[in-house]
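Below: start.cif (mmCIF, C-alpha atoms (C1' of nucleotides))
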```
data_target
loop_
_atom_site.label_atom_id
_atom_site.label_comp_id
_atom_site.auth_asym_id
_atom_site.auth_seq_id
_atom_site.Cartn_x
_atom_site.Cartn_y
_atom_site.Cartn_z
CA MET A 208 0.00 0.00 0.00
CA ALA A 209 3.06 2.22 -0.39
CA ALA A 210 1.95 3.31 -3.82
CA ASP A 211 2.32 6.85 -5.06
CA PRO A 212 -0.64 9.23 -4.55
CA LEU A 213 -1.67 9.26 -8.19
CA SER A 214 -1.80 5.47 -8.33
CA ARG A 215 -3.86 5.39 -5.17
CA VAL A 216 -6.45 7.81 -6.53
CA PHE A 217 -6.78 6.12 -9.91
CA SER A 218 -6.91 2.74 -8.25
CA ALA A 219 -9.55 3.87 -5.76
CA LEU A 220 -11.79 5.11 -8.56
CA ALA A 221 -11.29 1.98 -10.67
CA ASP A 222 -14.01 0.26 -8.65
CA PRO A 223 -17.62 1.02 -9.65
CA THR A 224 -18.91 0.63 -6.09
CA ARG A 225 -16.38 3.16 -4.84
CA ARG A 226 -17.21 5.54 -7.68
CA ASP A 227 -20.86 5.25 -6.74
CA MET A 228 -20.01 6.09 -3.15
CA VAL A 229 -18.12 9.15 -4.27
CA ALA A 230 -21.08 10.14 -6.44
CA ARG A 231 -23.44 9.85 -3.49
CA LEU A 232 -21.07 11.64 -1.14
CA ALA A 233 -20.97 14.54 -3.56
CA ALA A 234 -24.59 15.14 -2.56
CA GLY A 235 -23.75 15.16 1.12
CA ASP A 236 -21.95 13.45 3.97
CA ALA A 237 -23.20 10.04 5.06
CA SER A 238 -22.58 7.43 7.72
CA VAL A 239 -21.06 4.05 6.90
CA ASN A 240 -24.39 2.29 7.36
CA GLU A 241 -26.20 4.78 5.17
CA LEU A 242 -23.57 4.30 2.50
CA ALA A 243 -23.80 0.53 2.77
CA GLU A 244 -27.57 0.38 2.51
CA PRO A 245 -28.00 0.29 -1.32
CA TYR A 246 -25.38 -2.40 -1.91
CA ASP A 247 -25.86 -6.05 -1.20
CA VAL A 248 -22.55 -6.47 0.54
CA THR A 249 -21.74 -6.48 4.23
CA VAL A 250 -21.02 -3.27 6.06
CA GLN A 251 -17.47 -4.51 6.59
CA ALA A 252 -16.88 -4.57 2.86
CA VAL A 253 -18.11 -0.99 2.64
CA SER A 254 -15.81 -0.07 5.50
CA LYS A 255 -12.92 -1.50 3.49
CA HIS A 256 -13.92 0.51 0.44
CA LEU A 257 -13.99 3.63 2.57
CA LYS A 258 -10.51 2.88 3.83
CA VAL A 259 -9.29 2.74 0.25
CA LEU A 260 -10.97 6.05 -0.53
CA GLU A 261 -9.55 7.56 2.63
CA ASP A 262 -6.01 6.35 1.87
CA ALA A 263 -6.37 7.96 -1.53
CA GLY A 264 -7.33 11.22 0.15
CA LEU A 265 -10.77 11.22 -1.47
CA VAL A 266 -12.75 11.16 1.76
CA SER A 267 -12.25 12.02 5.40
CA ARG A 268 -14.08 10.81 8.48
CA SER A 269 -14.98 12.69 11.61
CA ARG A 270 -16.71 11.47 14.71
CA GLN A 271 -20.17 12.45 15.85
CA ALA A 272 -21.56 10.26 18.63
CA GLN A 273 -21.30 6.64 17.46
CA ARG A 274 -21.46 7.71 13.85
CA ARG A 275 -18.42 8.35 11.67
CA PRO A 276 -19.76 10.67 8.97
CA VAL A 277 -17.87 10.36 5.72
CA HIS A 278 -17.01 13.53 3.86
CA LEU A 279 -15.88 13.91 0.26
CA GLU A 280 -12.62 15.79 -0.24
CA ALA A 281 -12.71 17.29 -3.70
CA GLU A 282 -9.18 18.68 -3.82
CA VAL A 283 -7.54 15.36 -4.75
CA PHE A 284 -9.41 15.38 -8.02
CA ASP A 285 -7.03 18.11 -9.14
CA LEU A 286 -4.15 15.67 -8.98
CA MET A 287 -5.82 13.53 -11.60
CA THR A 288 -7.13 16.25 -13.85
CA LYS A 289 -3.70 17.88 -13.93
CA TRP A 290 -2.07 14.64 -15.01
CA ILE A 291 -4.76 13.84 -17.54
CA GLU A 292 -4.93 17.30 -19.05
CA ARG A 293 -1.18 17.45 -19.42
CA TYR A 294 -0.91 14.40 -21.61
CA ARG A 295 -4.12 14.99 -23.45
CA ARG A 296 -2.84 18.45 -24.35
CA LEU A 297 0.46 17.00 -25.56
CA ALA A 298 -1.30 14.34 -27.61
CA GLU A 299 -3.61 16.88 -29.18
CA GLU A 300 -0.78 19.26 -29.99
CA ARG A 301 1.07 16.45 -31.64
CA TYR A 302 -2.04 15.59 -33.61
CA ARG A 303 -2.46 19.18 -34.70
CA ARG A 304 1.19 19.44 -35.74
CA LEU A 305 0.83 16.32 -37.83
CA ASP A 306 -2.23 17.82 -39.47
CA ASP A 307 -0.32 20.99 -40.27
CA LEU A 308 2.53 18.98 -41.69
CA LEU A 309 0.26 16.99 -43.97
CA GLU A 310 -1.43 20.24 -44.97
CA THR A 311 1.80 21.78 -46.24
CA LEU A 312 3.05 18.70 -48.05
CA PRO A 313 3.37 18.93 -51.85
CA ASP A 314 0.72 16.78 -53.52
CA ASP A 315 3.13 14.33 -55.13
CA ILE A 316 4.72 13.32 -51.86
CA GLU A 317 2.78 10.61 -50.09
CA PRO A 318 3.45 10.30 -46.35
CA THR A 319 2.84 6.52 -46.45
CA PRO A 320 3.16 5.22 -49.98
CA PRO A 321 -0.12 3.37 -50.56
CA GLN A 322 0.30 -0.03 -52.17
CA THR A 323 -0.42 0.94 -55.76
CA GLY A 324 0.01 -2.57 -56.98
CA ALA A 325 3.12 -1.43 -58.84
CA SER A 326 6.00 -3.66 -57.86
CA ARG A 327 8.91 -1.85 -56.35
CA MET B 13 -12.42 -8.24 -18.24
CA ALA B 14 -16.08 -7.33 -18.72
CA ALA B 15 -15.69 -4.20 -16.64
CA ASP B 16 -17.35 -0.94 -17.62
CA PRO B 17 -15.26 1.52 -19.70
CA LEU B 18 -14.68 3.96 -16.88
CA SER B 19 -13.35 1.24 -14.60
CA ARG B 20 -11.05 0.03 -17.34
CA VAL B 21 -9.56 3.47 -17.91
CA PHE B 22 -9.06 4.26 -14.23
CA SER B 23 -7.66 0.80 -13.64
CA ALA B 24 -5.29 1.07 -16.59
CA LEU B 25 -3.87 4.35 -15.29
CA ALA B 26 -3.56 3.06 -11.73
CA ASP B 27 -0.21 1.49 -12.68
CA PRO B 28 2.82 3.82 -12.68
CA THR B 29 4.53 1.90 -15.48
CA ARG B 30 1.47 2.26 -17.69
CA ARG B 31 1.16 5.95 -16.84
CA ASP B 32 4.78 6.38 -17.83
CA MET B 33 4.08 4.64 -21.13
CA VAL B 34 1.18 6.99 -21.78
CA ALA B 35 3.40 9.94 -20.91
CA ARG B 36 6.02 8.79 -23.41
CA LEU B 37 3.44 8.02 -26.07
CA ALA B 38 2.14 11.56 -25.76
CA ALA B 39 5.43 12.62 -27.33
CA GLY B 40 5.03 10.25 -30.25
CA ASP B 41 4.21 6.72 -31.36
CA ALA B 42 6.62 3.94 -30.45
CA SER B 43 7.15 0.25 -31.04
CA VAL B 44 6.77 -2.30 -28.27
CA ASN B 45 10.52 -2.80 -28.03
CA GLU B 46 11.17 0.91 -27.86
CA LEU B 47 8.60 1.23 -25.11
CA ALA B 48 10.10 -1.67 -23.20
CA GLU B 49 13.66 -0.39 -23.32
CA PRO B 50 13.69 1.87 -20.19
CA TYR B 51 12.05 -0.67 -17.88
CA ASP B 52 13.79 -3.66 -16.40
CA VAL B 53 11.00 -6.07 -17.21
CA THR B 54 10.66 -8.43 -20.14
CA VAL B 55 9.12 -7.27 -23.37
CA GLN B 56 6.27 -9.69 -22.75
CA ALA B 57 5.32 -7.83 -19.60
CA VAL B 58 5.26 -4.59 -21.58
CA SER B 59 3.11 -6.28 -24.20
CA LYS B 60 0.65 -7.18 -21.44
CA HIS B 61 0.59 -3.61 -20.19
CA LEU B 62 -0.15 -2.45 -23.70
CA LYS B 63 -3.04 -4.87 -23.92
CA VAL B 64 -4.51 -3.32 -20.79
CA LEU B 65 -4.10 0.16 -22.24
CA GLU B 66 -5.61 -0.98 -25.52
CA ASP B 67 -8.60 -2.62 -23.82
CA ALA B 68 -9.16 0.66 -22.01
CA GLY B 69 -9.15 2.45 -25.37
CA LEU B 70 -6.12 4.51 -24.43
CA VAL B 71 -3.90 3.27 -27.24
CA SER B 72 -4.28 1.66 -30.64
CA ARG B 73 -1.84 -0.41 -32.64
CA SER B 74 -1.29 -0.48 -36.36
CA ARG B 75 1.07 -2.59 -38.36
CA GLN B 76 4.14 -1.41 -40.23
CA ALA B 77 6.35 -4.22 -41.44
CA GLN B 78 7.09 -6.42 -38.41
CA ARG B 79 6.59 -3.52 -36.04
CA ARG B 80 3.32 -2.72 -34.30
CA PRO B 81 3.59 1.01 -33.59
CA VAL B 82 1.56 2.06 -30.55
CA HIS B 83 -0.47 5.24 -30.78
CA LEU B 84 -2.02 7.24 -27.95
CA GLU B 85 -5.75 7.87 -28.26
CA ALA B 86 -6.52 11.01 -26.33
CA GLU B 87 -10.32 10.97 -26.63
CA VAL B 88 -10.84 8.48 -23.79
CA PHE B 89 -9.41 10.99 -21.38
CA ASP B 90 -12.67 12.91 -21.75
CA LEU B 91 -14.57 10.06 -20.18
CA MET B 92 -12.58 10.49 -17.01
CA THR B 93 -12.47 14.26 -16.88
CA LYS B 94 -16.24 14.43 -17.39
CA TRP B 95 -16.84 12.06 -14.48
CA ILE B 96 -14.33 13.81 -12.25
CA GLU B 97 -15.48 17.33 -13.04
CA ARG B 98 -19.08 16.42 -12.43
CA TYR B 99 -18.58 15.31 -8.86
CA ARG B 100 -15.96 17.86 -8.05
CA ARG B 101 -18.39 20.54 -9.16
CA LEU B 102 -21.17 19.07 -7.00
CA ALA B 103 -18.88 18.82 -4.00
CA GLU B 104 -17.73 22.40 -4.42
CA GLU B 105 -21.25 23.70 -4.82
CA ARG B 106 -22.25 21.91 -1.68
CA TYR B 107 -19.28 23.41 0.11
CA ARG B 108 -20.23 26.87 -1.07
CA ARG B 109 -23.85 26.41 0.03
CA LEU B 110 -22.69 25.28 3.44
CA ASP B 111 -20.57 28.40 3.68
CA ASP B 112 -23.54 30.56 2.80
CA LEU B 113 -25.67 28.78 5.36
CA LEU B 114 -23.17 29.29 8.15
CA GLU B 115 -22.86 32.90 7.07
CA THR B 116 -26.57 33.55 7.64
CA LEU B 117 -26.89 31.66 10.93
CA PRO B 118 -27.74 33.63 14.06
CA ASP B 119 -24.75 33.76 16.40
CA ASP B 120 -26.33 31.81 19.26
CA ILE B 121 -27.07 28.71 17.19
CA GLU B 122 -24.15 26.31 17.05
CA PRO B 123 -24.26 23.86 14.12
CA THR B 124 -22.38 21.14 16.07
CA PRO B 125 -22.38 21.72 19.80
CA PRO B 126 -18.65 21.74 20.61
CA GLN B 127 -17.59 19.60 23.56
CA THR B 128 -17.31 22.26 26.23
CA GLY B 129 -15.31 20.03 28.52
CA ALA B 130 -18.29 19.73 30.85
CA SER B 131 -19.50 16.16 31.45
CA ARG B 132 -17.63 13.15 30.04
"C1'" DC C 14 13.19 -21.66 -48.30
"C1'" DT C 15 15.76 -20.35 -44.14
"C1'" DC C 16 17.11 -16.90 -40.77
"C1'" DT C 17 16.28 -12.90 -38.01
"C1'" DT C 18 13.51 -9.41 -35.83
"C1'" DG C 19 9.45 -8.03 -33.43
"C1'" DT C 20 5.57 -9.34 -31.00
"C1'" DT C 21 2.22 -12.28 -28.90
"C1'" DC C 22 0.42 -16.62 -26.66
"C1'" DA C 23 0.40 -20.13 -22.88
"C1'" DA C 24 1.44 -21.84 -18.57
"C1'" DC C 25 2.75 -20.91 -14.30
"C1'" DC C 26 3.74 -18.27 -9.71
"C1'" DA C 27 3.47 -14.84 -5.91
"C1'" DA C 28 1.05 -10.87 -4.44
"C1'" DT C 29 -3.07 -8.08 -4.24
"C1'" DG C 30 -8.02 -7.11 -3.92
"C1'" DG C 31 -12.81 -7.63 -2.86
"C1'" DG C 32 -15.63 -10.45 -0.47
"C1'" DT C 33 -17.01 -13.23 3.62
"C1'" DT C 34 -17.67 -14.43 8.92
"C1'" DG C 35 -16.61 -13.67 13.68
"C1'" DA C 36 -14.82 -11.01 17.41
"C1'" DC C 37 -14.12 -6.61 19.41
"C1'" DA C 38 -14.21 -1.34 20.54
"C1'" DA C 39 -16.71 2.98 21.24
"C1'" DA C 40 -20.36 5.61 22.42
"C1'" DC C 41 -24.91 6.30 23.57
"C1'" DC C 42 -29.65 4.35 25.92
"C1'" DG C 43 -32.16 2.09 29.82
"C1'" DC D 209 -24.30 -1.19 35.33
"C1'" DG D 210 -25.92 -4.11 31.08
"C1'" DG D 211 -27.56 -3.70 26.31
"C1'" DT D 212 -27.70 -1.65 21.54
"C1'" DT D 213 -25.96 0.71 17.75
"C1'" DT D 214 -22.14 1.73 14.73
"C1'" DG D 215 -18.04 0.76 12.98
"C1'" DT D 216 -13.40 -1.59 12.65
"C1'" DC D 217 -9.99 -5.49 12.97
"C1'" DA D 218 -8.45 -10.23 11.83
"C1'" DA D 219 -8.41 -14.34 9.44
"C1'" DC D 220 -9.58 -16.58 5.66
"C1'" DC D 221 -11.23 -17.62 0.43
"C1'" DC D 222 -10.99 -17.12 -4.37
"C1'" DA D 223 -10.33 -14.36 -8.64
"C1'" DT D 224 -7.37 -11.08 -10.73
"C1'" DT D 225 -2.92 -9.04 -11.74
"C1'" DG D 226 1.89 -8.32 -12.82
"C1'" DG D 227 5.63 -10.79 -13.44
"C1'" DT D 228 8.35 -14.81 -15.28
"C1'" DT D 229 10.01 -18.44 -19.05
"C1'" DG D 230 9.42 -20.84 -23.30
"C1'" DA D 231 7.19 -21.53 -27.56
"C1'" DA D 232 4.82 -19.78 -31.58
"C1'" DC D 233 3.56 -16.51 -35.16
"C1'" DA D 234 4.25 -12.61 -38.70
"C1'" DA D 235 6.84 -10.31 -41.90
"C1'" DG D 236 10.86 -8.90 -44.04
"C1'" DA D 237 16.03 -9.96 -45.41
"C1'" DG D 238 19.35 -13.28 -47.45
#
```
Exercise: express the given structure as structure tokens:
Amino acid sequence: MAADPLSRVFSALADPTRRDMVARLAAGDASVNELAEPYDVTVQAVSKHLKVLEDAGLVSRSRQAQRRPVHLEAEVFDLMTKWIERYRRLAEERYRRLDDLLETLPDDIEPTPPQTGASR
Amino acid sequence: MAADPLSRVFSALADPTRRDMVARLAAGDASVNELAEPYDVTVQAVSKHLKVLEDAGLVSRSRQAQRRPVHLEAEVFDLMTKWIERYRRLAEERYRRLDDLLETLPDDIEPTPPQTGASR
DNA sequence: CTCTTGTTCAACCAATGGGTTGACAAACCG
DNA sequence: CGGTTTGTCAACCCATTGGTTGAACAAGAG
């Protein structure tokens, strides 16, 4: 469990149940039992999921009587979006540059010589 | 392997080696051997990683002589950013509303009665 | 056709992950 | 105090994953 933060966040959100929990927590804090209610798994399993989300920094838990309300921490999302946007931007720039290059090519030069049936 | 698309993408990017491959592919296409070079794992392991990335829709492979150049497909990133932004936005709105609420509260009403050190 | 290069497939192994049940801790309720 | 509610910890099970080695396949190059 000594993975880097980015791996932890991606990994935490790779599970549909955990994503659903995050989705529901976006609407408001909830107790473990409340969170567990819709799923047909034990409350212990949900507790484990929450631990994963907490280790990823996606949620935090406070204490309020016996309850441990779970709260969504939105800041960690930035970690992901920054990573994603960076490489998407690069990929798109590269794509655009390739487009430009093809645009300016003389007509008689073919970037990938199509098999014209003519033997070489 | 019948996971939903979002799970596949998050899961694929949960591995640091695969993220590094994506990062390098953002700079340009590469063959499997080229991709494998920096890592001290076998080329078969890299081939497996590429299969995961391909199943997630993050890369595509064409054929060029014996080589199978790997190409980064940036569109899938949108799937993630849309999901992330949606819930981050909700969480932030909720946070803002809570702020507003606290702002308008009369002074003598305490939202969560702080332990005043009185009884145990 | 044979050889070489690049890549994948198959079988296997150790570690991890998501689930279970059962016991336990913490805090309120009587 | 003794119970009840709420949640976690521990041990275990089984499927998945990331890695290995060894063989096979695909497509030039001789």
I'm after chain A in the frame of chain B: fit it by least squares over all Cα atoms matched in order, and give me the output as a short mmCIF file (atom, residue, chain, number, x, y, z; two decimals) with C-alpha atoms, in the frame of the given file.
```cif
data_model
loop_
_atom_site.label_atom_id
_atom_site.label_comp_id
_atom_site.auth_asym_id
_atom_site.auth_seq_id
_atom_site.Cartn_x
_atom_site.Cartn_y
_atom_site.Cartn_z
CA MET A 208 -12.19 -8.50 -18.33
CA ALA A 209 -15.85 -7.63 -18.89
CA ALA A 210 -15.53 -4.52 -16.79
CA ASP A 211 -17.21 -1.26 -17.69
CA PRO A 212 -15.20 1.26 -19.76
CA LEU A 213 -14.62 3.65 -16.89
CA SER A 214 -13.22 0.90 -14.69
CA ARG A 215 -10.94 -0.23 -17.49
CA VAL A 216 -9.49 3.24 -18.00
CA PHE A 217 -8.94 3.95 -14.31
CA SER A 218 -7.50 0.50 -13.82
CA ALA A 219 -5.17 0.87 -16.80
CA LEU A 220 -3.78 4.12 -15.43
CA ALA A 221 -3.39 2.75 -11.90
CA ASP A 222 -0.06 1.24 -12.92
CA PRO A 223 2.95 3.59 -12.92
CA THR A 224 4.65 1.74 -15.78
CA ARG A 225 1.55 2.12 -17.93
CA ARG A 226 1.23 5.78 -17.00
CA ASP A 227 4.83 6.27 -18.03
CA MET A 228 4.12 4.62 -21.36
CA VAL A 229 1.19 6.93 -21.92
CA ALA A 230 3.40 9.89 -21.01
CA ARG A 231 6.01 8.83 -23.55
CA LEU A 232 3.42 8.08 -26.21
CA ALA A 233 2.09 11.59 -25.81
CA ALA A 234 5.37 12.71 -27.38
CA GLY A 235 4.96 10.40 -30.33
CA ASP A 236 4.14 6.91 -31.53
CA ALA A 237 6.58 4.13 -30.68
CA SER A 238 7.16 0.46 -31.36
CA VAL A 239 6.81 -2.16 -28.64
CA ASN A 240 10.57 -2.63 -28.41
CA GLU A 241 11.19 1.09 -28.19
CA LEU A 242 8.63 1.32 -25.43
CA ALA A 243 10.15 -1.61 -23.59
CA GLU A 244 13.70 -0.31 -23.71
CA PRO A 245 13.75 1.90 -20.55
CA TYR A 246 12.15 -0.70 -18.28
CA ASP A 247 13.92 -3.71 -16.90
CA VAL A 248 11.14 -6.11 -17.73
CA THR A 249 10.76 -8.44 -20.67
CA VAL A 250 9.18 -7.27 -23.88
CA GLN A 251 6.34 -9.70 -23.23
CA ALA A 252 5.43 -7.87 -20.05
CA VAL A 253 5.34 -4.61 -22.00
CA SER A 254 3.17 -6.28 -24.61
CA LYS A 255 0.75 -7.22 -21.83
CA HIS A 256 0.69 -3.66 -20.54
CA LEU A 257 -0.09 -2.46 -24.03
CA LYS A 258 -2.96 -4.90 -24.27
CA VAL A 259 -4.42 -3.43 -21.10
CA LEU A 260 -4.05 0.09 -22.48
CA GLU A 261 -5.58 -1.00 -25.76
CA ASP A 262 -8.55 -2.69 -24.07
CA ALA A 263 -9.10 0.55 -22.19
CA GLY A 264 -9.15 2.41 -25.50
CA LEU A 265 -6.10 4.47 -24.55
CA VAL A 266 -3.90 3.30 -27.40
CA SER A 267 -4.29 1.75 -30.82
CA ARG A 268 -1.86 -0.26 -32.90
CA SER A 269 -1.34 -0.27 -36.62
CA ARG A 270 1.01 -2.34 -38.70
CA GLN A 271 4.02 -1.06 -40.57
CA ALA A 272 6.35 -3.81 -41.81
CA GLN A 273 7.22 -5.99 -38.81
CA ARG A 274 6.64 -3.12 -36.44
CA ARG A 275 3.36 -2.44 -34.65
CA PRO A 276 3.55 1.27 -33.86
CA VAL A 277 1.56 2.21 -30.80
CA HIS A 278 -0.51 5.36 -30.93
CA LEU A 279 -2.06 7.27 -28.04
CA GLU A 280 -5.80 7.88 -28.30
CA ALA A 281 -6.58 10.98 -26.29
CA GLU A 282 -10.36 10.91 -26.56
CA VAL A 283 -10.86 8.35 -23.77
CA PHE A 284 -9.45 10.82 -21.30
CA ASP A 285 -12.72 12.71 -21.62
CA LEU A 286 -14.56 9.80 -20.07
CA MET A 287 -12.54 10.19 -16.92
CA THR A 288 -12.47 13.95 -16.72
CA LYS A 289 -16.24 14.08 -17.17
CA TRP A 290 -16.77 11.67 -14.30
CA ILE A 291 -14.23 13.38 -12.07
CA GLU A 292 -15.41 16.90 -12.76
CA ARG A 293 -19.00 15.96 -12.12
CA TYR A 294 -18.44 14.77 -8.59
CA ARG A 295 -15.82 17.32 -7.76
CA ARG A 296 -18.29 20.02 -8.79
CA LEU A 297 -21.00 18.48 -6.62
CA ALA A 298 -18.66 18.19 -3.65
CA GLU A 299 -17.52 21.77 -4.03
CA GLU A 300 -21.06 23.08 -4.36
CA ARG A 301 -22.00 21.24 -1.23
CA TYR A 302 -19.00 22.73 0.52
CA ARG A 303 -19.94 26.21 -0.62
CA ARG A 304 -23.55 25.75 0.51
CA LEU A 305 -22.36 24.67 3.92
CA ASP A 306 -20.18 27.75 4.10
CA ASP A 307 -23.12 29.96 3.21
CA LEU A 308 -25.25 28.26 5.82
CA LEU A 309 -22.68 28.78 8.55
CA GLU A 310 -22.31 32.38 7.38
CA THR A 311 -25.98 33.16 7.94
CA LEU A 312 -26.28 31.41 11.28
CA PRO A 313 -27.04 33.59 14.32
CA ASP A 314 -24.00 33.78 16.59
CA ASP A 315 -25.58 32.01 19.55
CA ILE A 316 -26.39 28.88 17.59
CA GLU A 317 -23.48 26.49 17.41
CA PRO A 318 -23.62 23.95 14.58
CA THR A 319 -21.77 21.34 16.69
CA PRO A 320 -21.99 22.21 20.35
CA PRO A 321 -18.35 22.24 21.49
CA GLN A 322 -17.75 20.41 24.75
CA THR A 323 -17.77 23.38 27.09
CA GLY A 324 -17.10 21.25 30.09
CA ALA A 325 -20.58 22.10 31.34
CA SER A 326 -22.41 18.90 32.09
CA ARG A 327 -25.60 18.45 30.17
#
```
Quick one: contact table of chain C to chain A, 8 Å max, nearest atom pair and distance in Å to one decimal per residue, counting only C-alpha atoms (C1' of nucleotides), chain and number order, as a tab-separated table?
```
residue	atom	partner	partner_atom	distance
C:DG31	C1'	A:Ala252	CA	7.7
C:DG32	C1'	A:Ala252	CA	6.9
C:DA39	C1'	A:Gln273	CA	7.0
C:DA40	C1'	A:Gln273	CA	5.2
C:DC41	C1'	A:Gln273	CA	7.1
```
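Straight-line separation from atom C1' of D:DT216 to atom CA of A:Ser267: 15.5 Å.
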Enumerate, in order of chain and increasing residue number, the residues of chain B with an atom no farther than 9 Å from chain A, each with its shortest atom pair and distance in Å to one decimal, counting all atoms listed in the file, as a tab-separated table.
```
residue	atom	partner	partner_atom	distance
B:Ala15	CA	A:Pro223	CA	8.9
B:Asp16	CA	A:Pro223	CA	8.2
B:Leu18	CA	A:Ala221	CA	7.3
B:Ser19	CA	A:Ala221	CA	4.5
B:Arg20	CA	A:Ala221	CA	7.0
B:Val21	CA	A:Ala221	CA	7.6
B:Phe22	CA	A:Ala221	CA	4.8
B:Ser23	CA	A:Ala221	CA	4.8
B:Ala24	CA	A:Ala221	CA	8.5
B:Leu25	CA	A:Phe217	CA	6.4
B:Ala26	CA	A:Ser214	CA	4.5
B:Asp27	CA	A:Ser214	CA	6.1
B:Pro28	CA	A:Ser214	CA	6.6
B:Val34	CA	A:Tyr294	CA	7.7
B:Ala35	CA	A:Tyr294	CA	6.2
B:Leu37	CA	A:Ala298	CA	8.0
B:Ala38	CA	A:Ala298	CA	4.8
B:Ala39	CA	A:Leu297	CA	6.9
B:Gly40	CA	A:Arg301	CA	7.5
B:Leu84	CA	A:Ala298	CA	7.1
B:Glu85	CA	A:Ala298	CA	7.9
B:Ala86	CA	A:Arg295	CA	5.5
B:Glu87	CA	A:Arg295	CA	8.0
B:Phe89	CA	A:Ile291	CA	6.7
B:Asp90	CA	A:Arg295	CA	9.0
B:Met92	CA	A:Ile291	CA	8.5
B:Thr93	CA	A:Thr288	CA	6.5
B:Ile96	CA	A:Phe284	CA	6.7
B:Glu97	CA	A:Phe284	CA	8.1
B:Arg98	CA	A:Ala230	CA	8.9
B:Tyr99	CA	A:Ala233	CA	5.9
B:Arg100	CA	A:Ala281	CA	5.5
B:Arg101	CA	A:Ala281	CA	8.5
B:Leu102	CA	A:Ala233	CA	5.7
B:Ala103	CA	A:Ala233	CA	4.8
B:Glu104	CA	A:Ala281	CA	7.2
B:Arg106	CA	A:Ala234	CA	7.2
B:Thr124	CA	A:Gln271	CA	9.0
```
Go ahead and save the residues from that selection, with C-alpha atoms, as a CSV table (one decimal), keeping the file's coordinate frame.
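Output saved as selection_32.csv:
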```
chain,number,residue,atom,x,y,z
B,15,ALA,CA,-15.7,-4.2,-16.6
B,16,ASP,CA,-17.4,-0.9,-17.6
B,18,LEU,CA,-14.7,4.0,-16.9
B,19,SER,CA,-13.4,1.2,-14.6
B,20,ARG,CA,-11.0,0.0,-17.3
B,21,VAL,CA,-9.6,3.5,-17.9
B,22,PHE,CA,-9.1,4.3,-14.2
B,23,SER,CA,-7.7,0.8,-13.6
B,24,ALA,CA,-5.3,1.1,-16.6
B,25,LEU,CA,-3.9,4.4,-15.3
B,26,ALA,CA,-3.6,3.1,-11.7
B,27,ASP,CA,-0.2,1.5,-12.7
B,28,PRO,CA,2.8,3.8,-12.7
B,34,VAL,CA,1.2,7.0,-21.8
B,35,ALA,CA,3.4,9.9,-20.9
B,37,LEU,CA,3.4,8.0,-26.1
B,38,ALA,CA,2.1,11.6,-25.8
B,39,ALA,CA,5.4,12.6,-27.3
B,40,GLY,CA,5.0,10.2,-30.2
B,84,LEU,CA,-2.0,7.2,-28.0
B,85,GLU,CA,-5.8,7.9,-28.3
B,86,ALA,CA,-6.5,11.0,-26.3
B,87,GLU,CA,-10.3,11.0,-26.6
B,89,PHE,CA,-9.4,11.0,-21.4
B,90,ASP,CA,-12.7,12.9,-21.8
B,92,MET,CA,-12.6,10.5,-17.0
B,93,THR,CA,-12.5,14.3,-16.9
B,96,ILE,CA,-14.3,13.8,-12.2
B,97,GLU,CA,-15.5,17.3,-13.0
B,98,ARG,CA,-19.1,16.4,-12.4
B,99,TYR,CA,-18.6,15.3,-8.9
B,100,ARG,CA,-16.0,17.9,-8.0
B,101,ARG,CA,-18.4,20.5,-9.2
B,102,LEU,CA,-21.2,19.1,-7.0
B,103,ALA,CA,-18.9,18.8,-4.0
B,104,GLU,CA,-17.7,22.4,-4.4
B,106,ARG,CA,-22.2,21.9,-1.7
B,124,THR,CA,-22.4,21.1,16.1
```
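Taken over the shown file, the PyMOL selection byres ((chain D) within 10 of (chain A)) identifies DT213, DT214, DG215, DT216 and DC217 of chain D.
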Ground truth for the PyMOL selection byres ((chain D and resi 220) around 10), written as a PyMOL selection string: (chain C and resi 33-34) or (chain D and resi 218-219+221)
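You will find atom C1' of D:DC222 at 13.6 Å from atom C1' of C:DA28.
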Explicit residues for the PyMOL selection byres ((chain C and resi 22) around 8) (as a PyMOL selection string): (chain C and resi 21+23) or (chain D and resi 232)
